[in-house]
Amino acid sequence: MYDVVVVGARVSGASTALLLSKAGYEVLLLDRAVLPGGKAAATNLVHPPGILRLKRWGLLDELTATGCPPIHEYGLRSGQVELMARLPTVDGVGEAYSPDRGKLDRILLDAAVKAGAELRAGVSLRGLVTDDDGTVTGVRGETGDRTPVVERARVVVGADGSNSTLARLVGAEKYDAHPVLNKSHWSYWEGLPHDGRVRTYRHAGKHAFTWPTHDGLTIVGVALPVGDFKAASEEERDRTVISAFEEVDPQRAELLRRTSRVDRWMTGAVPNFLRRSHGPGWALVGDAGYTRDPITAAGITDALRGAELLAQALDAGLSGSEPLPAALARFGRERDDLVTGHYRYTLDHATIANHTREEIEFIRAMSRSPTHGREMVGMFATMVSPSEFYSAANIHALLDHLEPGSGPSWKLRMVRWLVRGAPRHIPAATRFGDRLIAENLGPMGQYLT
């Protein structure tokens with residue numbers, strides 16, 4: 001009998017198995033693929049909070065040894081306004097990486113096995129073992145040649161992706177669910193200069209993006225609202241993506257024309273949901289428990305952070321320092337607290353709505369501020385809470401960095417006066433100013449209301 005069976009051996013599953021094995025638990029790690037499996041269709045970016053976990057676990061040196069370059073700055077260009085800022089730091093880590101997924105998966109999996117986890121590849125989950133009360137006490141699986149596999153455990157963890165078999169078997173319901181909001185084309189480019197920057201663009205209903213990745217390559221792509229996305233040939237996708245850059249960054253578009261794509265175009269689209277994360281004898285981690293649009297490139301980072309949260313809860317529950325049901329319930333609350341704000345932020349981002357004039361003025365102000373630009377890119381990188389960034393106090397401070405005089409729209413000039421110039425004994429003026437800001441910040445204005 002094992003302490004934990006983990007179903008799914010990629011980022012979230014291997015990380016959970018690694019941490020529990022290092023804590024001294026007997027862990028069985030199952031995956032239906034014959035590992036190392038095929039190439040994951042991912043944009044690979046790992047934000048600093050994810051890099052921090054790899055550093056804590058003693059794996060960052062292995063990642064950097066692959067030659068993957070660090071990324072220190074993130075940026076956004078909307079129309080003619082550009083914001084580029086250095087990432088904040090978290091516990092001394094202020095860089096991101098975009099490693100080859102196969103290499104990252106192998107680093108985590110090898111570390112889990114080295115720590116003591118038992119790996120069985122080529123085993124598909126078919127059913128669960130339960131006791132008379134319905135508590136999950138094990139798994140029923142099947143190898144590629146139809147050989148049955150039955151193993152018992154104190155807890156079964158589903159790390160088997162957004163279409164999780166474990167979630168289906170236990171009936172874990174989704175909540176705060178939203179449909180696919182956009183679809184993306186992306187591929188790898190050779191010959192582009194590596195300058196340690198993530199570039200994103202919002203213009204004319206398109207979200208273009210590019211950043212350096214492994215083996216001297218650069219990820220290049222564009223996300224389009226679902227209604228604007230059309231199936232196309234490889235050459236037509238070349239034109240679609242390059243034209244998206246042409247409209248907002250002609251120099252980058254010219255670089256793309258003078259260099260070459262070296263891989264096929266990949267296409268991605270995912271629904272958005274949170275799923276009940278635990279129940280009697282089971283838990284979900286990674287995309288199995290929570291999936292959001294990849295437009296903020298946070299999937300790997302969320303998987304690493306979620307694995308750490310779950311491993312800490314299971315350690316408390318399995319060691320007896322806390323009742324296991326209470327530990328799993330705490331994991332569910334902590335996971336939702338960790339991800340809900342950025343989930344809402346991602347939903348807003350994923351609509352790819354054009355920025356209003358007022359939003360563009362705020363982006364320009366962020367680029368003029370010594371702190372707001374860094375906080376903005378930190379929010380994209382899951383390091384700064386959206387509710388904290390869009391708090392009234394922070395937006396009031398941002399008003400001081402609007403262009404002086406008549407440059408901003410009349411609405412923002414009025415807001416600036418209401419918040420900064422009206423007599424301080426008229427708090428209603430400030431509240432009215434906040435309402436005006438909220439109404440002109442798009443869906444993100446909800447944080448101010």
# chains A, B, ... in the order shown; residues from 1 in each chain; ligands from 1

$ select_by_dssp --residues "stretch 138-302 of chain A" --states "helix (DSSP H, G or I)" --output "number ranges by chain"
A: 165-170, 226-228, 234-246, 250-258, 286-288, 294-296, 299-302

$ atom_distance --atom1 "atom CA of A:Leu274" --atom2 "atom CA of A:Leu45"
21.5 Å

$ residues_around --residues "A:Glu403" --least-positions-apart "6" --cutoff "12 Å" --atoms "only C-alpha atoms" --output "PyMOL selection string"
chain A and resi 360-369+409+412-413+416

$ write_last_selection --atoms "C-alpha atoms" --output "PDB file, in the first residue's frame"
ATOM      1  CA  ILE A 360      -4.183  53.646 -23.062  1.00  0.00           C
ATOM      2  CA  GLU A 361      -3.634  56.838 -21.078  1.00  0.00           C
ATOM      3  CA  PHE A 362      -3.249  54.736 -17.938  1.00  0.00           C
ATOM      4  CA  ILE A 363      -0.738  52.455 -19.689  1.00  0.00           C
ATOM      5  CA  ARG A 364       1.221  55.543 -20.743  1.00  0.00           C
ATOM      6  CA  ALA A 365       1.130  56.742 -17.125  1.00  0.00           C
ATOM      7  CA  MET A 366       2.430  53.364 -15.947  1.00  0.00           C
ATOM      8  CA  SER A 367       5.377  53.725 -18.304  1.00  0.00           C
ATOM      9  CA  ARG A 368       6.143  57.130 -16.719  1.00  0.00           C
ATOM     10  CA  SER A 369       5.856  55.881 -13.138  1.00  0.00           C
ATOM     11  CA  SER A 409      -8.943  62.903 -22.176  1.00  0.00           C
ATOM     12  CA  LEU A 412      -9.300  61.700 -16.917  1.00  0.00           C
ATOM     13  CA  ARG A 413      -8.628  65.395 -16.424  1.00  0.00           C
ATOM     14  CA  ARG A 416      -7.581  63.870 -11.669  1.00  0.00           C
TER      15      ARG A 416
END

$ residues_around --residues "stretch 101-111 of chain A" --least-positions-apart "4" --cutoff "7 Å" --atoms "only C-alpha atoms" --output "JSON, numbers by chain"
{"A": [9, 10, 11, 14, 15, 18, 39, 40, 44, 115]}

$ closest_atom_pairs --of "stretch 26-109 of chain A" --to "stretch 283-300 of chain A" --cutoff "9 Å" --atoms "only C-alpha atoms" --output "Markdown table"
| residue | atom | partner | partner_atom | distance |
| --- | --- | --- | --- | --- |
| A:Ala42 | CA | A:Pro294 | CA | 8.6 |
| A:Thr43 | CA | A:Ala297 | CA | 6.9 |
| A:Asn44 | CA | A:Ile300 | CA | 7.4 |
| A:Leu45 | CA | A:Ala297 | CA | 6.1 |
| A:Val46 | CA | A:Ile300 | CA | 6.0 |
| A:His47 | CA | A:Ala298 | CA | 7.0 |
| A:Gly50 | CA | A:Ile300 | CA | 7.2 |

$ atom_distance --atom1 "atom CA of A:Pro99" --atom2 "atom CA of A:Phe229"
27.7 Å

$ closest_residue --among "A:Ala311, A:Leu59, A:Ala159, A:Val222" --to "A:Lys22" --atoms "only C-alpha atoms"
A:Ala311

$ residues_around --residues "stretch 90-92 of chain A" --least-positions-apart "5" --cutoff "12 Å" --atoms "only C-alpha atoms" --output "MDAnalysis selection string"
chainID A and resid 47:53 55:56 378 381:384

$ write_last_selection --atoms "N, CA, C and O atoms" --output "mmCIF file, in the first residue's frame"
data_model
loop_
_atom_site.group_PDB
_atom_site.id
_atom_site.type_symbol
_atom_site.label_atom_id
_atom_site.label_comp_id
_atom_site.auth_asym_id
_atom_site.auth_seq_id
_atom_site.Cartn_x
_atom_site.Cartn_y
_atom_site.Cartn_z
ATOM 1 N N HIS A 47 7.009 31.949 -15.043
ATOM 2 C CA HIS A 47 7.184 33.234 -14.377
ATOM 3 C C HIS A 47 8.045 33.072 -13.116
ATOM 4 O O HIS A 47 8.207 31.954 -12.606
ATOM 5 N N PRO A 48 8.558 34.178 -12.554
ATOM 6 C CA PRO A 48 9.437 34.073 -11.384
ATOM 7 C C PRO A 48 8.904 33.254 -10.210
ATOM 8 O O PRO A 48 9.696 32.528 -9.581
ATOM 9 N N PRO A 49 7.593 33.288 -9.860
ATOM 10 C CA PRO A 49 7.158 32.419 -8.760
ATOM 11 C C PRO A 49 7.376 30.934 -9.051
ATOM 12 O O PRO A 49 7.638 30.157 -8.124
ATOM 13 N N GLY A 50 7.277 30.528 -10.319
ATOM 14 C CA GLY A 50 7.587 29.146 -10.671
ATOM 15 C C GLY A 50 9.071 28.875 -10.602
ATOM 16 O O GLY A 50 9.512 27.815 -10.121
ATOM 17 N N ILE A 51 9.887 29.824 -11.077
ATOM 18 C CA ILE A 51 11.339 29.668 -10.997
ATOM 19 C C ILE A 51 11.779 29.586 -9.543
ATOM 20 O O ILE A 51 12.697 28.822 -9.191
ATOM 21 N N LEU A 52 11.130 30.339 -8.660
ATOM 22 C CA LEU A 52 11.444 30.273 -7.235
ATOM 23 C C LEU A 52 11.248 28.860 -6.703
ATOM 24 O O LEU A 52 12.078 28.362 -5.923
ATOM 25 N N ARG A 53 10.166 28.196 -7.122
ATOM 26 C CA ARG A 53 9.950 26.802 -6.654
ATOM 27 C C ARG A 53 11.058 25.888 -7.146
ATOM 28 O O ARG A 53 11.573 25.067 -6.387
ATOM 29 N N LYS A 55 14.071 26.684 -7.758
ATOM 30 C CA LYS A 55 15.253 27.006 -6.967
ATOM 31 C C LYS A 55 15.169 26.359 -5.580
ATOM 32 O O LYS A 55 16.137 25.767 -5.097
ATOM 33 N N ARG A 56 14.002 26.467 -4.935
ATOM 34 C CA ARG A 56 13.813 25.856 -3.613
ATOM 35 C C ARG A 56 14.047 24.352 -3.653
ATOM 36 O O ARG A 56 14.566 23.762 -2.703
ATOM 37 N N GLY A 378 4.471 42.720 -13.156
ATOM 38 C CA GLY A 378 4.421 41.742 -12.066
ATOM 39 C C GLY A 378 3.059 41.108 -11.929
ATOM 40 O O GLY A 378 2.936 39.936 -11.579
ATOM 41 N N ALA A 381 2.788 38.476 -14.453
ATOM 42 C CA ALA A 381 3.641 37.349 -14.072
ATOM 43 C C ALA A 381 3.181 36.676 -12.783
ATOM 44 O O ALA A 381 3.942 35.924 -12.172
ATOM 45 N N THR A 382 1.956 36.923 -12.339
ATOM 46 C CA THR A 382 1.335 36.318 -11.147
ATOM 47 C C THR A 382 2.056 36.693 -9.860
ATOM 48 O O THR A 382 1.936 35.998 -8.855
ATOM 49 N N MET A 383 2.764 37.823 -9.837
ATOM 50 C CA MET A 383 3.525 38.230 -8.660
ATOM 51 C C MET A 383 2.819 39.322 -7.867
ATOM 52 O O MET A 383 3.095 39.505 -6.680
ATOM 53 N N VAL A 384 1.945 40.063 -8.513
ATOM 54 C CA VAL A 384 1.220 41.164 -7.880
ATOM 55 C C VAL A 384 -0.264 40.888 -8.016
ATOM 56 O O VAL A 384 -0.751 40.568 -9.108
#

$ closest_residue --among "A:Gly138, A:Gly191, A:Pro404, A:Gly127" --to "A:Val262" --atoms "only C-alpha atoms"
A:Gly191

$ closest_residue --among "A:Thr64, A:Ser124, A:Thr147, A:Thr135" --to "A:Pro325" --atoms "only C-alpha atoms"
A:Thr135

$ closest_residue --among "A:Leu402, A:Ala307, A:Leu30, A:Val7" --to "A:Thr165" --atoms "only C-alpha atoms"
A:Val7

$ closest_residue --among "A:Asp434, A:Asp337, A:Glu173, A:Glu247" --to "A:Leu399" --atoms "only C-alpha atoms"
A:Asp434

$ atom_distance --atom1 "atom CA of A:Arg197" --atom2 "atom CA of A:Thr210"
8.4 Å

$ closest_residue --among "A:Val198, A:Ala353, A:Leu125, A:Met376" --to "A:Glu73" --atoms "only C-alpha atoms"
A:Val198
